[in-house]
$ cat final01.cif   # mmCIF, C-alpha atoms
data_run
loop_
_atom_site.label_atom_id
_atom_site.label_comp_id
_atom_site.auth_asym_id
_atom_site.auth_seq_id
_atom_site.Cartn_x
_atom_site.Cartn_y
_atom_site.Cartn_z
CA MET M 1 -3.49 18.82 4.17
CA PHE M 2 -0.48 21.10 4.17
CA VAL M 3 -0.40 21.16 0.37
CA HIS M 4 -4.00 22.41 0.28
CA LEU M 5 -3.21 25.25 2.65
CA ARG M 6 -0.13 26.11 0.63
CA ALA M 7 -2.04 25.97 -2.67
CA VAL M 8 -4.63 28.47 -1.50
CA VAL M 9 -1.93 30.73 -0.02
CA GLN M 10 -0.09 30.60 -3.34
CA GLN M 11 -3.32 31.46 -5.14
CA MET M 12 -3.76 34.56 -2.97
CA ILE M 13 -0.16 35.61 -3.54
CA ASP M 14 -0.69 35.23 -7.29
CA ASP M 15 -3.89 37.29 -7.07
CA GLY M 16 -1.98 40.05 -5.29
CA ILE M 17 -4.07 39.66 -2.11
CA TYR M 18 -1.42 38.16 0.14
CA PRO M 19 2.09 39.59 0.47
CA PRO M 20 4.74 37.85 -1.65
CA ARG M 21 6.24 35.89 1.24
CA ASP M 22 7.29 32.23 1.19
CA PRO M 23 4.00 30.30 0.81
CA ASN M 24 5.43 27.45 2.89
CA SER M 25 5.94 29.76 5.85
CA MET M 26 2.49 31.27 5.61
CA ALA M 27 0.81 27.88 5.23
CA PHE M 28 2.81 26.65 8.23
CA GLU M 29 1.64 29.61 10.30
CA LEU M 30 -1.96 28.83 9.44
CA TRP M 31 -1.42 25.19 10.34
CA THR M 32 0.02 26.06 13.75
CA ALA M 33 -3.05 28.19 14.42
CA VAL M 34 -5.64 25.50 13.64
CA HIS M 35 -3.53 22.84 15.37
CA GLY M 36 -3.35 25.06 18.44
CA ILE M 37 -7.13 25.34 18.57
CA ALA M 38 -7.56 21.59 18.08
CA ALA M 39 -4.94 20.73 20.69
CA LEU M 40 -6.38 23.03 23.35
CA PHE M 41 -9.96 21.90 22.87
CA ILE M 42 -8.87 18.24 22.93
CA ALA M 43 -6.96 18.87 26.15
CA LYS M 44 -10.08 20.50 27.65
CA PRO M 45 -12.97 18.17 26.81
CA SER M 46 -15.35 20.27 28.94
CA TRP M 47 -15.04 23.26 26.62
CA SER M 48 -17.95 23.54 24.24
CA LEU M 49 -17.63 22.66 20.59
CA ASP M 50 -19.56 25.79 19.67
CA ASP M 51 -16.82 27.83 21.24
CA ALA M 52 -14.29 25.93 19.15
CA GLU M 53 -16.21 26.90 16.02
CA GLU M 54 -16.23 30.54 17.01
CA VAL M 55 -12.57 30.60 18.01
CA THR M 56 -11.65 28.97 14.71
CA TYR M 57 -13.65 31.52 12.76
CA GLU M 58 -12.14 34.46 14.65
CA VAL M 59 -8.56 33.22 14.44
CA LEU M 60 -8.83 32.52 10.72
CA ARG M 61 -10.52 35.87 10.13
CA ALA M 62 -7.81 37.73 12.08
CA MET M 63 -4.99 35.92 10.27
CA CYS M 64 -6.53 36.39 6.84
CA SER M 65 -7.34 40.06 7.40
CA GLY M 66 -3.86 40.63 8.79
CA LEU M 67 -2.22 39.00 5.79
CA ILE M 68 -4.45 40.93 3.39
CA ALA M 69 -3.52 44.17 5.14
CA ALA M 70 0.14 43.20 4.98
CA GLY M 71 -0.31 42.64 1.25
CA ARG M 72 -1.49 46.28 0.92
CA ILE M 73 0.90 48.11 3.21
CA GLY M 74 4.01 45.91 2.78
CA HIS M 75 4.75 42.78 4.72
CA ASN M 76 7.73 44.12 6.63
CA ARG M 77 5.57 46.70 8.43
CA SER M 78 4.79 46.17 12.10
CA ALA M 79 1.28 46.17 13.52
CA GLY M 80 2.02 49.65 14.95
CA ASP M 81 2.85 50.91 11.45
CA ALA M 82 -0.43 49.46 10.23
CA ILE M 83 -2.38 51.70 12.65
CA ASP M 84 -0.65 54.80 11.29
CA ILE M 85 -1.05 53.86 7.64
CA LEU M 86 -4.61 52.53 7.66
CA MET T 1 -23.83 -23.75 0.37
CA SER T 2 -26.85 -21.49 0.17
CA ASP T 3 -28.42 -19.77 -2.79
CA GLY T 4 -25.27 -18.68 -4.53
CA ARG T 5 -25.72 -14.99 -3.89
CA VAL T 6 -22.58 -13.10 -3.17
CA ARG T 7 -21.97 -9.87 -1.34
CA SER T 8 -18.85 -7.79 -1.28
CA THR T 9 -17.20 -6.88 1.99
CA THR T 10 -15.65 -3.48 2.40
CA ASP T 11 -12.32 -5.10 1.58
CA GLY T 12 -13.55 -5.81 -1.88
CA GLU T 13 -13.28 -9.51 -1.08
CA ALA T 14 -16.37 -11.21 -2.38
CA ARG T 15 -17.89 -13.60 0.11
CA HIS T 16 -20.47 -16.22 -0.39
CA ASP T 17 -23.53 -15.97 1.81
CA GLY T 18 -22.66 -19.30 3.39
CA GLY T 19 -19.42 -17.66 4.54
CA ALA T 20 -17.15 -19.14 1.87
CA SER T 21 -15.07 -16.65 -0.03
CA ILE T 22 -14.24 -17.05 -3.70
CA ASP T 23 -10.85 -18.16 -2.52
CA GLU T 24 -12.32 -20.97 -0.45
CA LEU T 25 -14.64 -22.05 -3.26
CA LEU T 26 -11.67 -22.31 -5.61
CA ASP T 27 -9.72 -24.36 -3.08
CA ARG T 28 -12.63 -26.75 -2.76
CA ALA T 29 -13.03 -26.97 -6.53
CA VAL T 30 -9.35 -27.85 -6.94
CA ALA T 31 -9.57 -30.48 -4.21
CA ALA T 32 -12.66 -32.00 -5.86
CA ILE T 33 -11.03 -32.21 -9.28
CA ASN T 34 -7.86 -33.70 -7.81
CA ARG T 35 -9.83 -36.47 -6.15
CA GLY T 36 -11.59 -37.19 -9.46
CA ASP T 37 -14.90 -35.57 -8.55
CA ARG T 38 -15.27 -33.50 -11.66
CA VAL T 39 -18.98 -32.83 -11.16
CA THR T 40 -18.44 -31.09 -7.82
CA GLY T 41 -15.36 -29.29 -9.11
CA THR T 42 -17.28 -27.94 -12.10
CA ALA T 43 -20.21 -26.90 -9.94
CA LEU T 44 -17.95 -25.01 -7.53
CA ALA T 45 -16.09 -23.31 -10.37
CA GLY T 46 -19.50 -22.36 -11.78
CA GLN T 47 -20.43 -20.73 -8.45
CA VAL T 48 -17.25 -18.71 -8.54
CA LEU T 49 -18.11 -17.48 -12.02
CA VAL T 50 -21.57 -16.42 -10.82
CA ALA T 51 -19.87 -14.17 -8.29
CA ASP T 52 -16.94 -13.06 -10.39
CA SER T 53 -17.70 -13.59 -14.06
CA ALA T 54 -14.14 -12.93 -15.16
CA ASN T 55 -12.39 -15.22 -12.67
CA ALA T 56 -9.50 -16.69 -14.64
CA GLU T 57 -8.89 -19.52 -12.20
CA ALA T 58 -12.49 -20.74 -12.41
CA GLU T 59 -12.32 -20.61 -16.21
CA ASP T 60 -9.10 -22.62 -16.14
CA LEU T 61 -10.72 -25.20 -13.90
CA LEU T 62 -13.65 -25.64 -16.29
CA ALA T 63 -11.25 -25.96 -19.21
CA ALA T 64 -8.90 -28.39 -17.46
CA PRO T 65 -8.37 -31.65 -19.35
CA SER T 66 -10.17 -34.61 -17.81
CA ASP T 67 -6.95 -36.21 -16.63
CA PRO T 68 -4.76 -33.27 -15.82
CA GLY T 69 -2.50 -34.79 -13.21
CA GLU T 70 -2.48 -32.75 -10.05
CA ILE T 71 -3.81 -29.22 -10.08
CA ARG T 72 -2.65 -26.72 -7.49
CA ARG T 73 -3.25 -23.10 -6.68
CA LEU T 74 0.21 -21.73 -6.17
CA THR T 75 2.11 -18.50 -6.22
CA ILE T 76 4.43 -18.40 -9.20
CA PHE T 77 7.47 -16.28 -9.26
CA PHE T 78 9.52 -15.59 -12.36
CA VAL T 79 12.78 -13.69 -12.44
CA ASP T 80 14.78 -12.92 -15.53
CA LEU T 81 18.02 -11.20 -16.36
CA VAL T 82 17.48 -8.11 -18.52
CA ASN T 83 19.33 -8.14 -21.85
CA SER T 84 21.40 -11.18 -20.99
CA THR T 85 22.31 -11.76 -24.65
CA VAL T 86 23.73 -8.26 -24.97
CA LEU T 87 25.52 -8.76 -21.68
CA SER T 88 27.15 -11.96 -22.91
CA THR T 89 28.61 -10.17 -25.95
CA ARG T 90 29.93 -7.21 -24.00
CA VAL T 91 32.05 -8.92 -21.36
CA GLU T 92 34.58 -11.74 -21.25
CA PRO T 93 33.03 -15.20 -20.88
CA GLU T 94 34.53 -15.57 -17.38
CA THR T 95 33.07 -12.23 -16.31
CA TYR T 96 29.72 -13.23 -17.75
CA ARG T 97 29.85 -16.52 -15.90
CA LEU T 98 30.79 -14.74 -12.68
CA LEU T 99 27.96 -12.20 -12.94
CA VAL T 100 25.29 -14.67 -13.95
CA GLY T 101 26.52 -17.07 -11.27
CA ARG T 102 26.20 -14.38 -8.62
CA TYR T 103 22.73 -13.44 -9.87
CA ARG T 104 21.55 -17.04 -9.70
CA GLU T 105 23.05 -17.39 -6.25
CA GLN T 106 21.06 -14.37 -5.02
CA VAL T 107 17.85 -15.75 -6.49
CA LEU T 108 18.35 -19.17 -4.92
CA ARG T 109 19.23 -17.66 -1.57
CA ALA T 110 16.18 -15.39 -1.45
CA VAL T 111 13.79 -18.09 -2.66
CA HIS T 112 15.09 -20.51 -0.04
CA ARG T 113 15.00 -17.93 2.72
CA TYR T 114 11.28 -17.40 2.08
CA GLU T 115 10.81 -21.16 1.70
CA GLY T 116 9.88 -21.19 -1.93
CA HIS T 117 10.86 -23.91 -4.34
CA ILE T 118 12.80 -23.49 -7.56
CA GLY T 119 10.89 -25.07 -10.44
CA ASN T 120 12.39 -24.85 -13.86
CA THR T 121 15.00 -22.58 -15.30
CA ALA T 122 14.76 -21.36 -18.87
CA GLY T 123 17.96 -19.70 -20.03
CA ASN T 124 18.63 -17.07 -17.41
CA GLY T 125 15.05 -16.99 -16.24
CA LEU T 126 14.22 -18.82 -13.04
CA LEU T 127 10.76 -19.92 -12.03
CA ALA T 128 9.98 -20.58 -8.39
CA VAL T 129 6.80 -21.64 -6.69
CA PHE T 130 5.62 -20.68 -3.23
CA GLY T 131 3.11 -23.00 -1.63
CA TYR T 132 4.71 -26.27 -2.70
CA PRO T 133 6.14 -28.49 -1.25
CA ILE T 134 5.78 -26.33 1.88
CA ALA T 135 2.57 -24.31 2.05
CA HIS T 136 2.39 -21.15 4.12
CA GLU T 137 -0.60 -18.99 4.80
CA ASP T 138 1.32 -16.03 3.41
CA ASP T 139 2.93 -17.54 0.33
CA VAL T 140 2.00 -14.57 -1.82
CA ARG T 141 3.77 -12.14 0.45
CA ARG T 142 6.76 -14.42 0.72
CA ALA T 143 7.11 -14.45 -3.05
CA VAL T 144 6.81 -10.66 -3.26
CA HIS T 145 9.38 -10.16 -0.52
CA ALA T 146 11.79 -12.64 -2.09
CA GLY T 147 11.39 -10.74 -5.35
CA LEU T 148 12.03 -7.36 -3.75
CA GLU T 149 15.07 -8.71 -1.99
CA ILE T 150 16.45 -10.06 -5.26
CA THR T 151 15.98 -6.76 -7.10
CA TRP T 152 17.77 -5.01 -4.26
CA GLU T 153 20.67 -7.49 -4.09
CA VAL T 154 21.12 -7.51 -7.86
CA GLY T 155 21.11 -3.71 -7.75
CA ARG T 156 24.10 -3.90 -5.43
CA LEU T 157 25.73 -6.48 -7.68
CA SER T 158 25.19 -4.11 -10.58
CA GLU T 159 26.98 -1.30 -8.74
CA GLN T 160 29.99 -3.56 -8.25
CA ALA T 161 29.86 -4.69 -11.88
CA THR T 162 29.71 -1.09 -13.06
CA ARG T 163 32.80 -0.23 -11.04
CA ARG T 164 34.81 -3.29 -12.03
CA PHE T 165 33.65 -4.06 -15.57
CA GLY T 166 31.76 -0.95 -16.64
CA ILE T 167 28.56 -2.90 -17.17
CA GLU T 168 25.16 -2.92 -15.49
CA ILE T 169 23.13 -5.99 -14.71
CA ASN T 170 19.42 -5.89 -14.01
CA VAL T 171 16.60 -8.25 -13.24
CA ARG T 172 12.88 -8.09 -13.65
CA VAL T 173 10.47 -10.09 -11.53
CA GLY T 174 6.87 -11.16 -12.04
CA VAL T 175 4.62 -12.65 -9.35
CA HIS T 176 1.27 -14.26 -10.04
CA ARG T 177 -1.05 -16.61 -8.24
CA GLY T 178 -3.22 -19.09 -10.03
CA LEU T 179 -3.80 -22.63 -11.19
CA VAL T 180 -0.90 -24.78 -12.35
CA TYR T 181 -0.39 -28.42 -13.15
CA LEU T 182 2.06 -29.97 -10.82
CA ASP T 183 4.54 -32.57 -11.95
CA THR T 184 5.25 -34.12 -8.56
CA ALA T 185 7.97 -36.38 -9.93
CA GLN T 186 9.97 -33.46 -11.30
CA GLY T 187 8.84 -30.93 -8.68
CA ASP T 188 7.98 -28.67 -11.57
CA VAL T 189 4.90 -26.74 -12.60
CA TYR T 190 3.40 -25.85 -15.95
CA GLY T 191 0.23 -24.29 -17.22
CA LEU T 192 -1.34 -20.93 -17.76
CA ALA T 193 -0.41 -19.31 -14.44
CA ALA T 194 3.24 -20.28 -14.91
CA ASN T 195 3.33 -18.73 -18.38
CA LEU T 196 1.56 -15.65 -17.10
CA ALA T 197 4.16 -15.08 -14.37
CA ALA T 198 6.90 -15.13 -17.01
CA ARG T 199 4.90 -12.83 -19.25
CA ILE T 200 4.18 -10.23 -16.56
CA SER T 201 7.82 -10.19 -15.52
CA GLY T 202 8.45 -8.92 -19.05
CA LEU T 203 6.31 -5.88 -18.20
CA ALA T 204 8.57 -4.87 -15.34
CA PRO T 205 11.10 -2.13 -15.99
CA PRO T 206 14.70 -3.20 -15.28
CA GLY T 207 15.24 -3.62 -11.55
CA ALA T 208 11.52 -3.78 -10.74
CA LEU T 209 8.88 -6.26 -9.72
CA VAL T 210 5.41 -6.52 -11.23
CA VAL T 211 2.54 -8.39 -9.63
CA SER T 212 -0.66 -9.59 -11.26
CA GLU T 213 -4.07 -8.28 -10.25
CA ALA T 214 -4.67 -11.51 -8.29
CA VAL T 215 -1.55 -10.91 -6.20
CA LYS T 216 -2.31 -7.25 -5.71
CA MET T 217 -5.73 -8.06 -4.28
CA LEU T 218 -4.25 -10.52 -1.81
CA THR T 219 -1.41 -8.35 -0.58
CA THR T 220 -3.23 -5.03 -0.27
CA GLY T 221 -6.08 -6.75 1.58
CA VAL T 222 -3.95 -7.77 4.55
CA HIS T 223 -2.07 -4.49 4.59
CA ARG T 224 -5.24 -2.43 4.65
CA ARG T 225 -6.97 -4.69 7.17
CA CYS T 226 -4.05 -4.42 9.60
CA ALA T 227 -3.85 -0.65 9.28
CA ARG T 228 -7.59 -0.33 9.85
CA THR T 229 -7.46 -2.67 12.84
CA ALA T 230 -4.65 -0.65 14.36
CA THR T 231 -6.71 2.50 13.88
CA GLU T 232 -9.72 0.88 15.57
CA LEU T 233 -7.61 -0.21 18.52
CA LEU T 234 -6.24 3.30 18.85
CA ILE T 235 -9.74 4.77 18.93
CA GLU T 236 -11.09 2.23 21.42
CA THR T 237 -8.22 2.29 23.87
CA GLY T 238 -7.05 5.83 23.35
CA CYS T 239 -3.43 4.89 23.65
CA ALA T 240 -0.70 3.62 21.40
CA LYS T 241 0.48 1.13 24.03
CA ALA T 242 -2.56 -1.07 23.49
CA VAL T 243 -1.60 -1.61 19.88
CA SER T 244 0.80 -4.51 19.51
CA ILE T 245 1.59 -6.75 16.59
CA ARG T 246 -0.17 -9.52 18.48
CA SER T 247 -3.32 -7.60 19.33
CA VAL T 248 -3.64 -6.41 15.73
CA ALA T 249 -2.96 -9.90 14.37
CA GLU T 250 -5.59 -11.51 16.59
CA ARG T 251 -8.23 -8.98 15.75
CA ALA T 252 -7.49 -8.83 12.02
CA GLY T 253 -7.43 -12.62 11.80
CA VAL T 254 -3.93 -12.92 10.41
CA THR T 255 -0.78 -14.45 11.85
CA SER T 256 1.90 -12.33 13.47
CA PRO T 257 4.56 -13.47 10.96
CA SER T 258 2.42 -12.28 8.07
CA ILE T 259 2.06 -8.84 9.70
CA TYR T 260 5.83 -8.70 9.97
CA LEU T 261 6.06 -9.20 6.23
CA HIS T 262 4.15 -5.94 5.77
CA PHE T 263 5.33 -3.91 8.73
CA ALA T 264 8.84 -3.95 10.16
CA ASP T 265 7.56 -3.37 13.70
CA LYS T 266 4.76 -1.88 15.73
CA ASP T 267 5.91 1.66 15.00
CA ALA T 268 5.63 1.01 11.28
CA LEU T 269 2.08 -0.16 11.84
CA LEU T 270 1.27 2.98 13.83
CA ASP T 271 2.83 5.10 11.08
CA VAL T 272 0.49 3.59 8.54
CA ALA T 273 -2.48 4.04 10.86
CA CYS T 274 -1.54 7.70 11.30
CA ALA T 275 -0.99 8.15 7.58
CA ASP T 276 -4.45 6.66 7.13
CA TYR T 277 -5.82 9.17 9.57
CA PHE T 278 -4.21 12.10 7.78
CA LYS T 279 -5.65 10.85 4.53
CA GLN T 280 -9.12 10.97 6.06
CA LEU T 281 -8.47 14.45 7.40
CA ASP T 282 -7.32 15.45 3.94
CA GLY T 283 -10.52 14.15 2.40
CA GLN T 284 -12.65 16.10 4.89
CA MET T 285 -10.77 19.30 4.15
CA LEU T 286 -11.07 18.87 0.39
CA SER T 287 -14.78 18.19 0.44
CA ALA T 288 -15.34 21.18 2.73
CA ALA T 289 -13.50 23.42 0.27
CA ALA T 290 -15.20 21.98 -2.82
CA ALA T 291 -18.20 24.33 -2.69
CA CYS T 292 -16.18 27.51 -2.14
CA THR T 293 -15.66 30.08 -4.84
CA THR T 294 -13.05 32.53 -3.52
CA PRO T 295 -9.63 31.68 -2.04
CA VAL T 296 -10.53 33.35 1.26
CA GLU T 297 -13.59 31.11 1.56
CA VAL T 298 -11.45 28.08 0.73
CA LEU T 299 -9.01 28.98 3.48
CA HIS T 300 -11.79 29.32 6.04
CA ALA T 301 -13.34 26.05 4.92
CA LEU T 302 -10.00 24.20 5.15
CA GLY T 303 -9.21 25.54 8.61
CA THR T 304 -12.70 24.89 9.96
CA ALA T 305 -12.78 21.35 8.55
CA TYR T 306 -9.39 20.68 10.13
CA VAL T 307 -10.49 21.70 13.62
CA ARG T 308 -13.86 19.95 13.31
CA PHE T 309 -12.32 16.67 12.25
CA ALA T 310 -9.65 16.86 14.95
CA LEU T 311 -12.30 17.44 17.63
CA LYS T 312 -14.47 14.65 16.28
CA THR T 313 -11.55 12.19 16.51
CA PRO T 314 -9.61 13.52 19.51
CA VAL T 315 -7.81 10.30 20.41
CA LEU T 316 -6.43 9.71 16.96
CA TYR T 317 -5.62 13.36 16.45
CA ARG T 318 -3.63 13.41 19.66
CA ILE T 319 -1.73 10.24 18.80
CA ALA T 320 -1.11 11.23 15.19
CA THR T 321 0.14 14.73 15.92
CA MET T 322 1.33 14.61 19.51
CA GLY T 323 2.05 10.91 20.14
CA SER T 324 4.04 10.07 23.25
CA ARG T 325 6.84 8.50 21.27
CA VAL T 326 8.90 10.56 18.88
CA HIS T 327 6.56 10.27 15.98
CA PRO T 328 7.36 12.31 12.93
CA VAL T 329 4.23 13.01 10.94
CA PRO T 330 4.67 10.92 7.79
CA SER T 331 5.81 13.31 5.09
CA THR T 332 3.85 11.46 2.42
CA SER T 333 0.59 12.59 3.96
CA PHE T 334 1.16 16.23 3.03
#
$ encode --input "final01.cif" --output "structure tokens"
Amino acid sequence: MFVHLRAVVQQMIDDGIYPPRDPNSMAFELWTAVHGIAALFIAKPSWSLDDAEEVTYEVLRAMCSGLIAAGRIGHNRSAGDAIDIL
Amino acid sequence: MSDGRVRSTTDGEARHDGGASIDELLDRAVAAINRGDRVTGTALAGQVLVADSANAEAEDLLAAPSDPGEIRRLTIFFVDLVNSTVLSTRVEPETYRLLVGRYREQVLRAVHRYEGHIGNTAGNGLLAVFGYPIAHEDDVRRAVHAGLEITWEVGRLSEQATRRFGIEINVRVGVHRGLVYLDTAQGDVYGLAANLAARISGLAPPGALVVSEAVKMLTTGVHRRCARTATELLIETGCAKAVSIRSVAERAGVTSPSIYLHFADKDALLDVACADYFKQLDGQMLSAAAACTTPVEVLHALGTAYVRFALKTPVLYRIATMGSRVHPVPSTSF
């Protein structure tokens, strides 16, 4: 599964969408995010699965948008810098 | 014996509707021919061919001479020294004798340890049978393990030989299971399956073991069945403690010793079950991403499929990624 995440991250780096960081690190960050969602919802069986879907969508959207923005403004900029630049 | 129709189980093991597998039909056919009942033997071999039209053992049975002596279904093991002629010209005769002697010693030791029986020796090639005179339920696996052990030991011998004499020595091993004629007086076997074992050993690269399709089917079947059983137990009980070699053996219908030939211990079994689980997860992610066109869509699809599958199989996900024991996620699954 990790290789698939890394392949798509690499693709986005090659397309100039994602910042040119280590694809392993970025894929790992994505993995920790989805694992975190899975782990929490497994630990709390009473939480609704619909919520899990929405959380997953929002987390992935935030991470992707953030990485795309970092690709534009430079990946060593902080989130505060991003407000000023964008 | 019912109407001769055959269905395939998920294992790929064809079973007769009456419950007899191809394997059992062949055993019965051999027994019939050995007791002189050629009509029954031929009929049973014919049934096997209905189910599996290319079954070499059934064809052999039909072609067997009318007075063949004793026929057995055995596992045949052939090991040969690679380039032994070249070796004999490159070192002193005493060195050659020492190296070949050590090689033969390793072969004999491994074959005896797994309770096989040395048949004939042709030059530096040694043929062993598993299943005669002592038959084990897991003769095929014994032969494979003996073979692997020999390649490993001879590899070590080769390292020593390289250091001391500047020469490598290598073996190749072939394992096959099929019909042979048994010469009980000599304790030797001959026939197609014996020749085939020698021939397939020739396909092995130096230092490697090659098994025939018949052997592959038999060994992967048990391995897969045990891994699947372990996975089922994990799902049902929700904890790794419930999975033991014994509980898996009982449920999978194999003996504990034969599980130990595939898995060093319970943890190894759990590792395979987890690797299995990750493979399924992998498949879900890939099929979710298949319809996507842009990389961003792919990423969303992969992440969503991951969480969905994890939540659909919470017990396994927890054990595979957060097991109570120190359980490194198998690196091969990435």
$ resolve_selection --input "final01.cif" --expression "the PyMOL selection byres ((chain M) within 10 of (chain T))" --output "NGL selection string"
:M and (1-12 or 15 or 17 or 30-31 or 33-43 or 45 or 49 or 52-57 or 59-61 or 64-65 or 68)
$ resolve_selection --input "final01.cif" --expression "the PyMOL selection byres ((chain T and resi 140) around 12)" --output "compact mmCIF listing (two decimals) with C-alpha atoms, in the coordinates of the input"
# COMPACT_ATOMS: atom_id res chain seq x y z
CA ARG T 73 -3.25 -23.10 -6.68
CA LEU T 74 0.21 -21.73 -6.17
CA THR T 75 2.11 -18.50 -6.22
CA ILE T 76 4.43 -18.40 -9.20
CA PHE T 77 7.47 -16.28 -9.26
CA TYR T 114 11.28 -17.40 2.08
CA GLU T 115 10.81 -21.16 1.70
CA GLY T 116 9.88 -21.19 -1.93
CA ALA T 128 9.98 -20.58 -8.39
CA VAL T 129 6.80 -21.64 -6.69
CA PHE T 130 5.62 -20.68 -3.23
CA GLY T 131 3.11 -23.00 -1.63
CA ALA T 135 2.57 -24.31 2.05
CA HIS T 136 2.39 -21.15 4.12
CA GLU T 137 -0.60 -18.99 4.80
CA ASP T 138 1.32 -16.03 3.41
CA ASP T 139 2.93 -17.54 0.33
CA ARG T 141 3.77 -12.14 0.45
CA ARG T 142 6.76 -14.42 0.72
CA ALA T 143 7.11 -14.45 -3.05
CA VAL T 144 6.81 -10.66 -3.26
CA HIS T 145 9.38 -10.16 -0.52
CA ALA T 146 11.79 -12.64 -2.09
CA GLY T 147 11.39 -10.74 -5.35
CA GLY T 174 6.87 -11.16 -12.04
CA VAL T 175 4.62 -12.65 -9.35
CA HIS T 176 1.27 -14.26 -10.04
CA ARG T 177 -1.05 -16.61 -8.24
CA GLY T 178 -3.22 -19.09 -10.03
CA VAL T 211 2.54 -8.39 -9.63
CA SER T 212 -0.66 -9.59 -11.26
CA ALA T 214 -4.67 -11.51 -8.29
CA VAL T 215 -1.55 -10.91 -6.20
CA LYS T 216 -2.31 -7.25 -5.71
CA MET T 217 -5.73 -8.06 -4.28
CA LEU T 218 -4.25 -10.52 -1.81
CA THR T 219 -1.41 -8.35 -0.58
CA THR T 220 -3.23 -5.03 -0.27
CA GLY T 221 -6.08 -6.75 1.58
CA VAL T 222 -3.95 -7.77 4.55
CA SER T 258 2.42 -12.28 8.07
CA LEU T 261 6.06 -9.20 6.23
CA HIS T 262 4.15 -5.94 5.77
$ atom_distance --input "final01.cif" --atom1 "CA of Leu108 in chain T" --atom2 "CA of Leu203 in chain T"
22.3 Å
$ atom_distance --input "final01.cif" --atom1 "CA of Ile245 in chain T" --atom2 "CA of Lys266 in chain T"
5.9 Å
$ axis_aligned_box --input "final01.cif" --around "range 181-197 of chain T" --padding-each-side "6 Å" --output "JSON"
{"center_x": 4.3, "center_y": -25.7, "center_z": -13.5, "size_x": 23.3, "size_y": 33.3, "size_z": 21.8}
$ decode --input "final01.cif" --residues "range 166-180 of chain T" --atoms "N, CA and C atoms" --output "PDB file, in the first residue's frame"
ATOM      1  N   GLY T 166      40.288 -22.121  -3.367  1.00  0.00           N
ATOM      2  CA  GLY T 166      39.959 -21.208  -4.450  1.00  0.00           C
ATOM      3  C   GLY T 166      38.973 -21.806  -5.450  1.00  0.00           C
ATOM      4  N   ILE T 167      38.093 -22.669  -4.965  1.00  0.00           N
ATOM      5  CA  ILE T 167      37.125 -23.266  -5.884  1.00  0.00           C
ATOM      6  C   ILE T 167      35.746 -23.342  -5.235  1.00  0.00           C
ATOM      7  N   GLU T 168      34.722 -23.102  -6.054  1.00  0.00           N
ATOM      8  CA  GLU T 168      33.352 -23.173  -5.544  1.00  0.00           C
ATOM      9  C   GLU T 168      32.779 -24.562  -5.757  1.00  0.00           C
ATOM     10  N   ILE T 169      31.886 -24.986  -4.873  1.00  0.00           N
ATOM     11  CA  ILE T 169      31.112 -26.177  -5.223  1.00  0.00           C
ATOM     12  C   ILE T 169      29.623 -25.880  -5.018  1.00  0.00           C
ATOM     13  N   ASN T 170      28.824 -26.381  -5.932  1.00  0.00           N
ATOM     14  CA  ASN T 170      27.402 -26.074  -5.918  1.00  0.00           C
ATOM     15  C   ASN T 170      26.562 -27.316  -6.199  1.00  0.00           C
ATOM     16  N   VAL T 171      25.368 -27.305  -5.640  1.00  0.00           N
ATOM     17  CA  VAL T 171      24.442 -28.396  -5.959  1.00  0.00           C
ATOM     18  C   VAL T 171      23.194 -27.827  -6.602  1.00  0.00           C
ATOM     19  N   ARG T 172      22.479 -28.686  -7.292  1.00  0.00           N
ATOM     20  CA  ARG T 172      21.121 -28.352  -7.697  1.00  0.00           C
ATOM     21  C   ARG T 172      20.211 -29.510  -7.291  1.00  0.00           C
ATOM     22  N   VAL T 173      18.987 -29.160  -6.920  1.00  0.00           N
ATOM     23  CA  VAL T 173      18.073 -30.161  -6.384  1.00  0.00           C
ATOM     24  C   VAL T 173      16.742 -30.109  -7.143  1.00  0.00           C
ATOM     25  N   GLY T 174      16.203 -31.276  -7.421  1.00  0.00           N
ATOM     26  CA  GLY T 174      14.873 -31.354  -8.028  1.00  0.00           C
ATOM     27  C   GLY T 174      13.971 -32.215  -7.161  1.00  0.00           C
ATOM     28  N   VAL T 175      12.728 -31.786  -6.962  1.00  0.00           N
ATOM     29  CA  VAL T 175      11.778 -32.583  -6.187  1.00  0.00           C
ATOM     30  C   VAL T 175      10.506 -32.780  -7.014  1.00  0.00           C
ATOM     31  N   HIS T 176      10.070 -34.019  -7.085  1.00  0.00           N
ATOM     32  CA  HIS T 176       8.872 -34.330  -7.854  1.00  0.00           C
ATOM     33  C   HIS T 176       8.086 -35.395  -7.107  1.00  0.00           C
ATOM     34  N   ARG T 177       6.787 -35.442  -7.361  1.00  0.00           N
ATOM     35  CA  ARG T 177       6.006 -36.515  -6.763  1.00  0.00           C
ATOM     36  C   ARG T 177       5.227 -37.189  -7.876  1.00  0.00           C
ATOM     37  N   GLY T 178       5.300 -38.506  -7.889  1.00  0.00           N
ATOM     38  CA  GLY T 178       4.577 -39.211  -8.934  1.00  0.00           C
ATOM     39  C   GLY T 178       4.722 -40.712  -8.784  1.00  0.00           C
ATOM     40  N   LEU T 179       4.380 -41.416  -9.863  1.00  0.00           N
ATOM     41  CA  LEU T 179       4.383 -42.874  -9.834  1.00  0.00           C
ATOM     42  C   LEU T 179       5.760 -43.433 -10.137  1.00  0.00           C
ATOM     43  N   VAL T 180       6.194 -44.379  -9.348  1.00  0.00           N
ATOM     44  CA  VAL T 180       7.455 -45.076  -9.631  1.00  0.00           C
ATOM     45  C   VAL T 180       7.253 -46.571  -9.422  1.00  0.00           C
TER      46      VAL T 180
END
